[in-house]
Structure formats: structure tokens, C-alpha cells
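The file final-v8.txt comes next; it holds compact mmCIF, C-alpha atoms and all ligand atoms.
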```txt
# COMPACT_ATOMS: atom_id res chain seq x y z
CA MET A 1 -25.73 8.48 -9.34
CA THR A 2 -24.89 6.92 -6.01
CA ASP A 3 -23.41 8.39 -2.89
CA ARG A 4 -20.27 6.32 -3.40
CA SER A 5 -17.77 8.07 -5.63
CA LEU A 6 -14.57 6.40 -6.75
CA LEU A 7 -11.74 7.83 -8.85
CA ILE A 8 -9.71 5.15 -10.60
CA LEU A 9 -6.13 6.00 -11.60
CA PRO A 10 -4.68 2.90 -13.29
CA GLY A 11 -1.28 4.51 -13.96
CA ASP A 12 1.58 2.68 -15.67
CA GLY A 13 2.98 -0.77 -16.40
CA ILE A 14 0.84 -3.48 -14.83
CA GLY A 15 -1.34 -0.81 -13.16
CA PRO A 16 -3.99 -0.87 -15.93
CA GLU A 17 -3.79 -4.68 -16.13
CA VAL A 18 -4.58 -5.26 -12.45
CA MET A 19 -7.14 -2.44 -12.40
CA ALA A 20 -9.10 -4.14 -15.20
CA GLU A 21 -9.65 -7.03 -12.80
CA VAL A 22 -10.83 -4.69 -10.04
CA ARG A 23 -13.34 -3.30 -12.54
CA LYS A 24 -14.82 -6.80 -12.88
CA VAL A 25 -15.26 -6.96 -9.11
CA ILE A 26 -16.86 -3.49 -8.99
CA ASP A 27 -19.22 -4.51 -11.81
CA TRP A 28 -20.16 -7.67 -9.96
CA PHE A 29 -21.07 -5.79 -6.79
CA GLY A 30 -23.28 -3.53 -8.93
CA SER A 31 -25.05 -6.16 -10.97
CA ALA A 32 -25.33 -8.93 -8.38
CA GLN A 33 -25.68 -6.96 -5.15
CA GLY A 34 -27.06 -3.60 -6.23
CA ILE A 35 -24.05 -1.93 -4.60
CA THR A 36 -23.07 0.64 -7.16
CA PHE A 37 -20.28 3.17 -7.39
CA ASP A 38 -20.02 6.41 -9.26
CA VAL A 39 -16.73 5.60 -11.01
CA SER A 40 -14.56 8.02 -12.95
CA GLU A 41 -11.15 7.31 -14.41
CA ASP A 42 -8.15 9.51 -15.05
CA LEU A 43 -4.41 9.50 -15.69
CA VAL A 44 -1.51 9.48 -13.25
CA GLY A 45 2.23 8.90 -13.49
CA GLY A 46 3.91 8.30 -16.83
CA ALA A 47 0.52 8.03 -18.54
CA ALA A 48 -0.35 11.56 -17.38
CA TYR A 49 3.10 12.79 -18.36
CA ASP A 50 2.66 11.41 -21.89
CA ALA A 51 -0.71 13.14 -22.27
CA HIS A 52 -0.12 16.39 -20.37
CA GLY A 53 3.58 16.77 -19.61
CA VAL A 54 3.00 16.39 -15.86
CA PRO A 55 2.52 13.24 -13.74
CA LEU A 56 -0.69 14.62 -12.24
CA THR A 57 -2.75 17.51 -13.55
CA ASP A 58 -4.35 20.07 -11.24
CA ALA A 59 -7.75 18.92 -12.53
CA THR A 60 -7.06 15.31 -11.51
CA MET A 61 -5.73 16.49 -8.15
CA ALA A 62 -8.94 18.46 -7.59
CA LYS A 63 -11.07 15.45 -8.52
CA ALA A 64 -9.12 13.27 -6.06
CA GLN A 65 -9.95 15.75 -3.30
CA GLU A 66 -13.67 15.52 -4.03
CA VAL A 67 -14.32 11.80 -4.31
CA ASP A 68 -14.91 9.37 -1.45
CA ALA A 69 -11.98 7.20 -2.49
CA VAL A 70 -9.16 7.05 -5.01
CA LEU A 71 -8.00 3.67 -6.30
CA LEU A 72 -4.52 3.74 -7.83
CA GLY A 73 -2.75 1.00 -9.81
CA ALA A 74 0.96 1.79 -10.01
CA VAL A 75 3.24 4.45 -11.45
CA GLY A 76 6.69 4.55 -12.99
CA GLY A 77 8.80 2.61 -15.42
CA PRO A 78 12.06 2.66 -17.34
CA ALA A 79 10.67 4.96 -20.06
CA TYR A 80 10.45 7.71 -17.46
CA ASP A 81 13.62 7.10 -15.47
CA ASP A 82 15.57 9.92 -17.12
CA LEU A 83 12.86 12.58 -16.81
CA ASP A 84 13.52 15.68 -14.76
CA PHE A 85 12.89 14.85 -11.08
CA SER A 86 9.96 17.28 -10.87
CA VAL A 87 7.93 15.41 -13.49
CA LYS A 88 8.83 11.83 -12.67
CA PRO A 89 5.76 9.55 -12.40
CA GLU A 90 6.41 8.98 -8.68
CA ARG A 91 5.98 12.73 -8.06
CA GLY A 92 2.31 12.37 -9.10
CA LEU A 93 1.72 9.73 -6.46
CA LEU A 94 3.57 11.70 -3.79
CA ARG A 95 1.55 14.81 -4.62
CA LEU A 96 -1.69 12.89 -4.13
CA ARG A 97 -0.53 11.60 -0.75
CA LYS A 98 0.72 14.99 0.41
CA GLU A 99 -2.11 17.23 -0.78
CA MET A 100 -4.80 14.83 0.42
CA ASP A 101 -2.83 14.64 3.69
CA LEU A 102 -3.03 10.84 3.77
CA TYR A 103 -0.84 10.39 6.80
CA ALA A 104 -1.87 6.88 7.85
CA ASN A 105 -0.80 4.18 5.42
CA LEU A 106 -2.17 0.78 6.43
CA ARG A 107 -0.21 -2.09 4.93
CA PRO A 108 -1.57 -5.41 6.17
CA ALA A 109 0.43 -8.58 5.53
CA GLN A 110 -1.55 -11.75 5.86
CA CYS A 111 -0.37 -15.20 4.93
CA PHE A 112 -3.22 -17.15 3.39
CA ASP A 113 -2.96 -20.78 4.39
CA ALA A 114 -2.86 -21.95 0.77
CA LEU A 115 0.32 -19.91 0.25
CA ALA A 116 2.17 -20.80 3.44
CA ASP A 117 4.65 -22.91 1.45
CA PHE A 118 5.25 -20.12 -1.08
CA SER A 119 7.04 -17.72 1.19
CA SER A 120 10.80 -17.77 1.06
CA LEU A 121 10.54 -18.55 4.78
CA LYS A 122 9.50 -21.83 6.36
CA ARG A 123 5.77 -22.61 6.66
CA GLU A 124 5.83 -22.60 10.46
CA VAL A 125 7.35 -19.10 10.49
CA VAL A 126 4.62 -17.55 8.34
CA SER A 127 1.50 -19.69 8.56
CA GLY A 128 -1.34 -17.78 10.19
CA LEU A 129 0.58 -14.53 9.95
CA ASP A 130 -1.59 -11.40 10.25
CA ILE A 131 0.28 -8.17 10.86
CA MET A 132 -0.46 -4.55 10.07
CA ILE A 133 2.21 -1.99 9.26
CA LEU A 134 1.16 1.58 9.93
CA ARG A 135 3.49 3.68 7.79
CA GLU A 136 3.48 7.46 8.26
CA LEU A 137 3.01 8.71 4.71
CA THR A 138 3.14 12.48 4.41
CA SER A 139 6.36 13.52 6.09
CA GLY A 140 9.83 12.34 7.03
CA VAL A 141 12.70 12.16 4.58
CA TYR A 142 10.32 11.95 1.59
CA PHE A 143 9.28 15.56 2.08
CA GLY A 144 11.74 17.23 4.50
CA GLU A 145 13.61 20.41 3.56
CA PRO A 146 16.33 21.20 2.66
CA ARG A 147 16.60 18.77 -0.21
CA GLY A 148 18.19 18.67 -3.62
CA ILE A 149 21.45 18.16 -5.45
CA HIS A 150 23.93 21.03 -5.04
CA THR A 151 27.48 21.68 -6.00
CA GLU A 152 29.88 22.33 -3.15
CA GLY A 153 33.37 23.21 -4.28
CA ASN A 154 34.15 20.79 -7.07
CA GLU A 155 31.72 18.03 -6.19
CA ARG A 156 27.98 17.40 -6.09
CA VAL A 157 26.12 16.80 -2.84
CA GLY A 158 22.74 15.07 -2.59
CA ILE A 159 20.59 16.20 0.35
CA ASN A 160 17.40 14.92 1.93
CA THR A 161 16.18 15.76 5.39
CA GLN A 162 14.41 13.54 7.89
CA ARG A 163 11.98 15.86 9.65
CA TYR A 164 9.05 15.05 11.92
CA THR A 165 6.91 17.35 14.02
CA GLU A 166 5.31 16.17 17.25
CA GLY A 167 1.90 16.52 15.68
CA GLU A 168 2.83 14.32 12.73
CA ILE A 169 4.15 11.60 15.02
CA ALA A 170 1.17 11.86 17.36
CA ARG A 171 -1.48 11.41 14.69
CA ALA A 172 0.29 8.39 13.18
CA ALA A 173 0.65 6.91 16.67
CA ARG A 174 -3.06 7.39 17.41
CA SER A 175 -3.93 5.58 14.16
CA ALA A 176 -1.71 2.67 15.16
CA PHE A 177 -3.18 2.43 18.68
CA GLU A 178 -6.73 2.62 17.32
CA LEU A 179 -5.97 -0.19 14.86
CA ALA A 180 -4.39 -2.29 17.61
CA ARG A 181 -7.53 -1.99 19.76
CA ARG A 182 -9.51 -3.61 16.95
CA ARG A 183 -6.86 -6.33 16.51
CA ASN A 184 -4.58 -7.99 19.08
CA ASN A 185 -3.94 -4.84 21.10
CA LYS A 186 -0.17 -4.64 20.52
CA VAL A 187 1.90 -1.90 18.90
CA CYS A 188 5.62 -2.12 18.17
CA SER A 189 7.09 1.23 17.17
CA MET A 190 10.22 1.20 15.00
CA GLU A 191 12.74 4.01 14.50
CA LYS A 192 16.44 4.56 15.01
CA ALA A 193 16.49 6.55 18.23
CA ASN A 194 20.04 5.33 18.73
CA VAL A 195 21.37 7.45 15.86
CA MET A 196 18.67 9.96 14.85
CA GLU A 197 17.19 12.87 16.81
CA SER A 198 13.97 12.46 14.86
CA GLY A 199 13.94 8.90 16.19
CA ILE A 200 14.34 10.13 19.77
CA LEU A 201 11.40 12.50 19.32
CA TRP A 202 9.41 9.72 17.65
CA ARG A 203 9.91 7.42 20.64
CA ASP A 204 9.11 10.17 23.16
CA VAL A 205 5.89 11.21 21.46
CA VAL A 206 4.71 7.62 21.00
CA ASN A 207 5.32 7.02 24.72
CA GLU A 208 3.46 10.21 25.66
CA ILE A 209 0.40 9.40 23.52
CA HIS A 210 0.42 5.88 24.88
CA ALA A 211 0.58 6.99 28.51
CA ALA A 212 -2.09 9.65 28.10
CA GLU A 213 -4.62 7.89 25.89
CA TYR A 214 -3.87 4.23 25.19
CA GLY A 215 -2.58 2.66 28.38
CA ASP A 216 -4.67 -0.44 27.61
CA VAL A 217 -2.61 -1.19 24.47
CA GLU A 218 0.68 -3.09 24.84
CA LEU A 219 3.51 -0.94 23.48
CA SER A 220 7.09 -1.89 22.63
CA HIS A 221 9.91 -0.19 20.74
CA MET A 222 12.52 -1.57 18.40
CA TYR A 223 15.31 -0.10 16.33
CA ALA A 224 14.20 -0.43 12.73
CA ASP A 225 17.21 -2.51 11.67
CA ASN A 226 16.47 -5.05 14.39
CA GLY A 227 12.81 -4.80 13.34
CA ALA A 228 13.72 -5.87 9.80
CA MET A 229 15.61 -8.84 11.20
CA GLN A 230 12.77 -9.77 13.56
CA LEU A 231 10.24 -9.55 10.69
CA VAL A 232 12.17 -12.29 8.94
CA ARG A 233 13.10 -14.27 12.08
CA ALA A 234 9.75 -14.40 13.86
CA PRO A 235 7.13 -12.20 12.18
CA LYS A 236 4.21 -13.57 14.20
CA GLN A 237 5.48 -11.73 17.32
CA PHE A 238 4.01 -8.54 15.79
CA ASP A 239 0.48 -7.20 15.63
CA VAL A 240 0.68 -3.52 14.58
CA ILE A 241 4.04 -2.05 13.55
CA LEU A 242 4.17 1.73 13.72
CA THR A 243 6.93 3.35 11.71
CA ASP A 244 7.97 6.33 9.60
CA ASN A 245 7.70 6.93 5.89
CA LEU A 246 11.00 5.48 4.71
CA PHE A 247 11.33 2.60 7.19
CA GLY A 248 7.69 1.74 6.45
CA ASP A 249 8.37 1.58 2.72
CA ILE A 250 11.21 -0.86 3.22
CA LEU A 251 9.66 -2.96 5.99
CA SER A 252 6.44 -3.42 4.02
CA ASP A 253 8.22 -4.81 0.95
CA CYS A 254 10.03 -7.12 3.34
CA ALA A 255 6.71 -8.18 4.90
CA ALA A 256 5.37 -8.88 1.41
CA MET A 257 7.59 -11.90 1.04
CA LEU A 258 6.13 -13.36 4.21
CA THR A 259 2.85 -13.67 2.32
CA GLY A 260 4.30 -15.36 -0.74
CA SER A 261 4.46 -12.46 -3.20
CA LEU A 262 4.58 -8.70 -3.46
CA GLY A 263 1.57 -9.18 -5.74
CA MET A 264 -0.52 -10.01 -2.64
CA LEU A 265 -0.14 -6.84 -0.55
CA PRO A 266 -2.85 -4.16 -0.52
CA SER A 267 -2.78 -0.80 1.21
CA ALA A 268 -5.05 1.98 2.39
CA SER A 269 -3.85 5.55 2.84
CA LEU A 270 -6.16 7.49 5.11
CA GLY A 271 -6.42 11.10 6.18
CA ALA A 272 -8.80 13.21 8.21
CA PRO A 273 -12.59 12.78 7.93
CA MET A 274 -14.33 14.76 5.17
CA ALA A 275 -17.61 16.63 5.62
CA ASN A 276 -19.56 13.40 4.97
CA GLY A 277 -17.67 11.61 7.75
CA ARG A 278 -15.68 9.39 5.40
CA PRO A 279 -11.90 9.70 5.65
CA LYS A 280 -9.91 11.17 2.79
CA ALA A 281 -8.64 7.97 1.23
CA MET A 282 -6.56 6.38 -1.47
CA TYR A 283 -6.15 2.64 -1.96
CA GLU A 284 -3.27 1.08 -3.84
CA PRO A 285 -1.29 -2.13 -4.02
CA VAL A 286 2.10 -2.01 -2.31
CA HIS A 287 3.83 -3.19 -5.48
CA GLY A 288 4.97 -1.00 -8.36
CA SER A 289 4.49 -1.04 -12.11
CA ALA A 290 6.54 -4.24 -12.57
CA PRO A 291 8.07 -3.37 -15.96
CA ASP A 292 9.67 -6.81 -16.20
CA ILE A 293 6.27 -8.50 -16.59
CA THR A 294 4.16 -5.72 -18.13
CA GLY A 295 1.94 -6.74 -21.02
CA GLN A 296 2.43 -10.48 -20.50
CA GLY A 297 -0.69 -11.35 -18.53
CA LYS A 298 1.53 -12.39 -15.62
CA ALA A 299 0.61 -9.74 -13.05
CA ASN A 300 -1.13 -10.90 -9.91
CA PRO A 301 -4.26 -8.70 -9.50
CA ILE A 302 -4.87 -9.78 -5.89
CA ALA A 303 -3.04 -6.84 -4.23
CA CYS A 304 -5.19 -4.40 -6.18
CA ILE A 305 -8.39 -6.37 -5.59
CA LEU A 306 -7.65 -6.55 -1.85
CA SER A 307 -7.01 -2.79 -1.91
CA PHE A 308 -10.55 -2.39 -3.21
CA ALA A 309 -11.71 -4.61 -0.31
CA MET A 310 -10.02 -2.14 2.03
CA ALA A 311 -11.93 0.67 0.28
CA LEU A 312 -15.20 -1.18 0.93
CA ARG A 313 -14.28 -1.44 4.61
CA TYR A 314 -12.69 1.92 5.37
CA SER A 315 -14.45 4.31 2.98
CA PHE A 316 -17.87 2.81 2.38
CA ASP A 317 -18.74 1.08 5.64
CA LEU A 318 -19.20 -2.17 3.73
CA GLY A 319 -17.25 -4.44 6.07
CA ASP A 320 -19.30 -7.54 5.28
CA GLU A 321 -18.74 -7.05 1.55
CA ALA A 322 -15.02 -6.52 2.18
CA THR A 323 -14.88 -9.79 4.11
CA ARG A 324 -16.79 -11.54 1.34
CA LEU A 325 -14.25 -10.35 -1.22
CA GLU A 326 -11.32 -11.38 0.98
CA ARG A 327 -12.91 -14.82 1.45
CA ALA A 328 -13.31 -15.11 -2.33
CA VAL A 329 -9.59 -14.44 -2.76
CA GLU A 330 -8.77 -16.97 -0.07
CA GLY A 331 -11.14 -19.42 -1.76
CA VAL A 332 -9.57 -19.26 -5.21
CA LEU A 333 -6.13 -19.67 -3.68
CA ALA A 334 -7.36 -22.71 -1.75
CA ASP A 335 -8.68 -24.08 -5.06
CA GLY A 336 -5.15 -23.83 -6.45
CA ALA A 337 -5.48 -20.75 -8.68
CA ARG A 338 -1.99 -19.29 -9.09
CA THR A 339 -0.56 -16.46 -11.13
CA ALA A 340 3.07 -16.79 -12.22
CA ASP A 341 4.45 -15.07 -9.12
CA LEU A 342 2.83 -17.77 -6.99
CA MET A 343 4.55 -20.75 -8.51
CA GLY A 344 5.72 -22.39 -5.32
CA PRO A 345 7.68 -25.54 -4.63
CA GLU A 346 5.11 -27.77 -6.37
CA GLY A 347 5.32 -25.85 -9.65
CA GLY A 348 2.32 -26.11 -11.96
CA THR A 349 0.75 -24.03 -14.69
CA PRO A 350 0.05 -20.41 -13.89
CA ILE A 351 -3.18 -18.70 -14.86
CA SER A 352 -3.25 -15.20 -16.35
CA THR A 353 -4.10 -11.92 -14.68
CA SER A 354 -7.50 -11.95 -16.32
CA GLU A 355 -8.21 -15.59 -15.41
CA MET A 356 -7.41 -14.79 -11.77
CA GLY A 357 -9.89 -11.88 -11.87
CA ASP A 358 -12.53 -14.12 -13.43
CA ALA A 359 -11.94 -16.82 -10.82
CA ILE A 360 -12.39 -14.33 -7.98
CA VAL A 361 -15.62 -13.00 -9.47
CA ALA A 362 -16.89 -16.54 -9.97
CA LYS A 363 -16.06 -17.32 -6.33
CA LEU A 364 -17.87 -14.18 -5.17
CA ALA A 365 -20.92 -15.35 -7.02
CA SER A 366 -20.78 -18.93 -5.69
P1 LIG A 401 7.91 -3.44 -8.46
O1 LIG A 401 7.07 -3.59 -7.28
O2 LIG A 401 7.29 -2.83 -9.65
O3 LIG A 401 8.49 -4.88 -8.88
C1 LIG A 401 9.34 -5.66 -8.05
C2 LIG A 401 9.26 -7.14 -8.46
O4 LIG A 401 8.01 -7.69 -8.04
C3 LIG A 401 9.32 -7.34 -9.96
O5 LIG A 401 10.03 -8.53 -10.24
C4 LIG A 401 7.87 -7.52 -10.36
O6 LIG A 401 7.65 -8.30 -11.53
C5 LIG A 401 7.28 -8.19 -9.13
N1 LIG A 401 5.86 -7.81 -8.97
C6 LIG A 401 5.41 -6.61 -8.52
N2 LIG A 401 4.08 -6.59 -8.52
C7 LIG A 401 3.67 -7.79 -8.99
C8 LIG A 401 2.40 -8.36 -9.24
N3 LIG A 401 1.23 -7.71 -9.00
N4 LIG A 401 2.34 -9.63 -9.74
C9 LIG A 401 3.47 -10.31 -9.98
N5 LIG A 401 4.72 -9.82 -9.75
C10 LIG A 401 4.81 -8.56 -9.26
O7 LIG A 401 9.20 -2.61 -8.00
P2 LIG A 401 10.43 -2.02 -8.85
O8 LIG A 401 10.78 -2.95 -9.95
O9 LIG A 401 11.42 -1.64 -7.87
O10 LIG A 401 9.85 -0.67 -9.48
C11 LIG A 401 9.33 -0.54 -10.80
C12 LIG A 401 8.70 0.81 -10.96
O11 LIG A 401 7.55 0.92 -10.14
C13 LIG A 401 9.61 1.99 -10.54
O12 LIG A 401 9.41 3.02 -11.45
C14 LIG A 401 9.12 2.35 -9.15
O13 LIG A 401 9.34 3.70 -8.82
C15 LIG A 401 7.65 2.08 -9.31
N6 LIG A 401 6.95 1.80 -8.04
C16 LIG A 401 5.71 2.32 -7.94
C17 LIG A 401 4.94 2.03 -6.84
C18 LIG A 401 3.56 2.59 -6.77
O14 LIG A 401 3.04 3.05 -7.76
N7 LIG A 401 2.91 2.56 -5.62
C19 LIG A 401 5.44 1.19 -5.83
C20 LIG A 401 6.73 0.68 -5.98
C21 LIG A 401 7.47 0.97 -7.11
C1 LIG A 402 5.38 2.60 -2.43
C2 LIG A 402 6.37 3.08 -3.46
C3 LIG A 402 6.45 4.59 -3.45
C4 LIG A 402 7.11 5.01 -2.14
C5 LIG A 402 7.14 5.26 -4.62
C6 LIG A 402 6.70 4.77 -5.95
C7 LIG A 402 6.94 6.76 -4.55
O1 LIG A 402 7.60 2.46 -3.31
O2 LIG A 402 4.25 3.06 -2.44
O3 LIG A 402 5.74 1.73 -1.63
O4 LIG A 402 8.34 5.05 -2.04
O5 LIG A 402 6.37 5.33 -1.22
MN MN A 403 7.59 0.84 -1.83
```

Would you kindly transcribe this structure into C-alpha cells?
Ligand code: NAD
Ligand code: IPM
Ligand code: MN
Amino acid sequence: MTDRSLLILPGDGIGPEVMAEVRKVIDWFGSAQGITFDVSEDLVGGAAYDAHGVPLTDATMAKAQEVDAVLLGAVGGPAYDDLDFSVKPERGLLRLRKEMDLYANLRPAQCFDALADFSSLKREVVSGLDIMILRELTSGVYFGEPRGIHTEGNERVGINTQRYTEGEIARAARSAFELARRRNNKVCSMEKANVMESGILWRDVVNEIHAAEYGDVELSHMYADNGAMQLVRAPKQFDVILTDNLFGDILSDCAAMLTGSLGMLPSASLGAPMANGRPKAMYEPVHGSAPDITGQGKANPIACILSFAMALRYSFDLGDEATRLERAVEGVLADGARTADLMGPEGGTPISTSEMGDAIVAKLAS
């Protein structure tokens, strides 16, 4: 037993494929560095539905609440698209986020130099890029009431509600300002205060928290549609982007392509500190289950491996080890290792998911 507990939920599609590569990294830290983890594994998403009829059992939920960190692969897939909404794979993931109260979702987008020509944007626009999107993760239109599909008269009406309390905005804002202080000290908050009352409140609260507690951090505001345009036009103007649940989902997929591939983007979802001082935490790649490439050895495991690096840093106080792992990823990319999603202008022969994992472990050891 160690005092580092980790619950692994590989999930669906390429989730188990990329998680197998993270396992190699975890094993390496144990055998080569004596840094061991108490790892358990369980089901989530479609895999849990197949076994138990629900996308997350109460027992798995309880386990997630107890461990230091959860590492999740991906959920969902075409086999589950027609399931009742309440048991869709994605509901399992949303339950984890909500019940663990993981309100601060950190989605860093970094462009590794070796991939600067792989982005759909020009090298000079993305090279050296290092931004952090702070996505509020437990509220907004994902969870607001009323919601549902009703019949009104002779037609159906679909309803979701964008709802934010002051407290929810304030705690996300504090996370963004704290992150900025450890980076380049700039926060750009994105909402649509021009058309949404929740956006007006969002802007007000961010300004209030800034004035009262973070006057040293440079703060700006942007409408989220302009923000999307600016992310593509000149992404290096940003340091930390603070935004809500839905805008953050969309803007982070957009930011993924600045780095070369969605298969590169990790994330950390953090909540309040637990009794042992560590934050409630779940780590997962930004990408989904990628049904189009499942089972073909084509998945890029880097997003999931970098998510584990974030776990080392944010849950286990192993910042040096996290940096070592990030350098190993950078190193294999500099050596030319490429999974199929990273076939850039020069083409070449891709390596498999498993070969990429092996290369990263070999680099760690070198
Ligand atoms: P997706 O992220 O699964 O795939 C989008 C595209 O990116 C696909 O072409 C895919 O092949 C590619 N891609 C994604 N990850 C990759 C990787 N690691 N390596 C190489 N290529 C990669 O998004 P989608 O197709 O819109 O959704 C598929 C399913 O995944 C849906 O059921 C969706 O709800 C679910 N989803 C889950 C999560 C999650 O678990 N966190 C996130 C997003 C989508
Ligand atoms: C993500 C995903 C999820 C989201 C889905 C699968 C619930 O797209 O993590 O980015 O919308 O938050
Ligand atoms: Mn998404």
C-alpha cells in the first residue's frame, strides 16, 4: 500500500487503448523510481452500462470519492447513441464531475515545437503557444433546471437552462486568477454578456473578485464568439482563458487544433481540498472515444499520458516527475515519433498507440 490512490476508469472506444499506455508509464515510475500508486480499475460509460445497466454504479461513484485521483479514458460511442438519455455513457462522466464537485477544469493547450507545422494554422501563429483554458465544469447549461423534452400543443420543445450562481462564478474565477499568478499573470474571461443575463452576472462577479483579491493580475473580457475567432487568429495573445461549461467545451476543442491534434490535449478537473489536503480530482484527455479509429492501434495516447502528468503535479505534489514526463513526450516528438493523427505536411509512416507508449517510456528511462 502507498498513500497515493488512483482509480482508473478506461471507459469506451479508444479509452482502454490509451489507458494501457498510461499503465506502462505508471509501472515505470514504480519500478524505476520507487514511486508507486495504489491502483484500482473499474467501469464507466458504455462499458458500465453493458455490465450493470447504468453508466456508473453507486459503488464506483463511492470509490471515486475516496481516492486521491481518478483517471478516465473516454466514454460514449455509436452503440449507445439510442439509449435512454438517463443511461447514456456521457451521464456517467457528468455524474462524476457533479458529485465530486469538480468545478475547475484545466485544459492546457501547448504547441510542442516539433508539431508546429502540424496545426491547421501557420507555424508562426502557433509556435511557442502555451495557453490554459479554465472551464467551469459543474454548472451552467449542462446542469441547469428546467430541462427536458416536453410537448406543447402539437409539437415537442427541447429545454436547457443556463444558470450560474455568484458563488459558482466566483470560485471558477479564483481558480483562473490563481493559475494566472503562476503563469503569465493574464486572465481573459469569455461569456456573452451582450445577449445573456448569466453572462452579465459572470462579468460582474469576475470584475468584483478581481478588484477585491487579484488586482495584480491583468484582466480582460471578450464575448465568446469573438474569443473563438481570436483563438484562431492570434492565440498567443492569451494566457489563461476563463469561461463557462459550454463555451469551455467548444473553445477547448478549438484550441486542440492549435497543438496539432485533439489527441494531444490533457485535462485536470479539480474540486475542493479533501481531508488530506489533496484536491478532489479527475484527470482525462479532452478527446472522446473516437469510434472511427477504435481497435486499429491508431489512437494517440499522449493526451491521456499528459493527463497523468497533470495528476502527478496537482494531486501528488510530484511536479518534477510531471515535468520529466512532459519532457519525455516532447523528446519523442522531437525524435519524429508520430501516431496517425500527427501525419503532417511531410507525411511518413505512423507508429501505433502501443509503440508511442513504449517510446515515451524508453525516453523516460534515457
Ligand atoms: P472524439 O473526440 O471522440 O473524436 C473526434 C475526432 O478526433 C475523431 O476523428 C477521432 O478519431 C479524433 N481523435 C480523438 N481522439 C484522438 C486520439 N487520441 N488520437 C487520434 N485521433 C483522435 O469526438 P466525437 O467523435 O465527437 O465523439 C465520439 C464519442 O465520444 C461520443 O459518444 C461523445 O459523446 C464522446 N466524447 C466523450 C468525451 C469524454 O469521454 N471525455 C469527450 C468528447 C466526446
Ligand atoms: C468533454 C466532452 C464531454 C462534455 C461530454 C462527453 C459529456 O465533450 O469532456 O469535453 O461535453 O463535457
Ligand atoms: Mn468536449

Environment of ligand MN 403 (chain A) within 8 Å, counting all atoms listed in the file, reported as a PyMOL selection string: chain A and resi 249-250+252-253+286-288

Residue nearest ligand LIG 402 (chain A) - candidates A:Gly336, A:Gly167, A:Gly92, A:Gly128, atoms counted: only C-alpha atoms and all ligand atoms: A:Gly92

Selection near Arg338 (chain A), 12 Å with all atoms listed in the file, sequence-local residues under 6 positions removed, as a ChimeraX atom specification: /A:114-115,118,260-261,263-264,298-302,329-332,344,346-357,359-360

Write a file of the selected residues as a PDB file, in the coordinates of the input, keeping C-alpha atoms.
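The new file part-v6.pdb reads:
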```pdb
ATOM      1  CA  ALA A 114      -2.860 -21.950   0.770  1.00  0.00           C
ATOM      2  CA  LEU A 115       0.320 -19.910   0.250  1.00  0.00           C
ATOM      3  CA  PHE A 118       5.250 -20.120  -1.080  1.00  0.00           C
ATOM      4  CA  GLY A 260       4.300 -15.360  -0.740  1.00  0.00           C
ATOM      5  CA  SER A 261       4.460 -12.460  -3.200  1.00  0.00           C
ATOM      6  CA  GLY A 263       1.570  -9.180  -5.740  1.00  0.00           C
ATOM      7  CA  MET A 264      -0.520 -10.010  -2.640  1.00  0.00           C
ATOM      8  CA  LYS A 298       1.530 -12.390 -15.620  1.00  0.00           C
ATOM      9  CA  ALA A 299       0.610  -9.740 -13.050  1.00  0.00           C
ATOM     10  CA  ASN A 300      -1.130 -10.900  -9.910  1.00  0.00           C
ATOM     11  CA  PRO A 301      -4.260  -8.700  -9.500  1.00  0.00           C
ATOM     12  CA  ILE A 302      -4.870  -9.780  -5.890  1.00  0.00           C
ATOM     13  CA  VAL A 329      -9.590 -14.440  -2.760  1.00  0.00           C
ATOM     14  CA  GLU A 330      -8.770 -16.970  -0.070  1.00  0.00           C
ATOM     15  CA  GLY A 331     -11.140 -19.420  -1.760  1.00  0.00           C
ATOM     16  CA  VAL A 332      -9.570 -19.260  -5.210  1.00  0.00           C
ATOM     17  CA  GLY A 344       5.720 -22.390  -5.320  1.00  0.00           C
ATOM     18  CA  GLU A 346       5.110 -27.770  -6.370  1.00  0.00           C
ATOM     19  CA  GLY A 347       5.320 -25.850  -9.650  1.00  0.00           C
ATOM     20  CA  GLY A 348       2.320 -26.110 -11.960  1.00  0.00           C
ATOM     21  CA  THR A 349       0.750 -24.030 -14.690  1.00  0.00           C
ATOM     22  CA  PRO A 350       0.050 -20.410 -13.890  1.00  0.00           C
ATOM     23  CA  ILE A 351      -3.180 -18.700 -14.860  1.00  0.00           C
ATOM     24  CA  SER A 352      -3.250 -15.200 -16.350  1.00  0.00           C
ATOM     25  CA  THR A 353      -4.100 -11.920 -14.680  1.00  0.00           C
ATOM     26  CA  SER A 354      -7.500 -11.950 -16.320  1.00  0.00           C
ATOM     27  CA  GLU A 355      -8.210 -15.590 -15.410  1.00  0.00           C
ATOM     28  CA  MET A 356      -7.410 -14.790 -11.770  1.00  0.00           C
ATOM     29  CA  GLY A 357      -9.890 -11.880 -11.870  1.00  0.00           C
ATOM     30  CA  ALA A 359     -11.940 -16.820 -10.820  1.00  0.00           C
ATOM     31  CA  ILE A 360     -12.390 -14.330  -7.980  1.00  0.00           C
TER      32      ILE A 360
END
```

Surrounding residues as an MDAnalysis selection string, ligand LIG 401 (chain A), max 9 Å, only C-alpha atoms and all ligand atoms: chainID A and resid 11:15 18 45 72:81 88:90 93 249 253 261:265 284:294 298:304 339:342 353

CA of Gly30 (chain A) to CA of Ala365 (chain A), distance in Å rounded to a single decimal: 12.2 Å

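We find CA of Leu219 (chain A) and CA of Ala268 (chain A) to be spaced 22.9 Å apart.
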
Nearest-residue call for Thr243 (chain A), choices A:Arg107, A:Arg156, A:Lys363, A:His210, using all atoms listed in the file: A:Arg107

Long-range neighbours of Thr161 (chain A) as number ranges by chain, 12 Å cut-off, all atoms listed in the file, 6 positions minimum in chain: A: 139-148, 196-198, 246
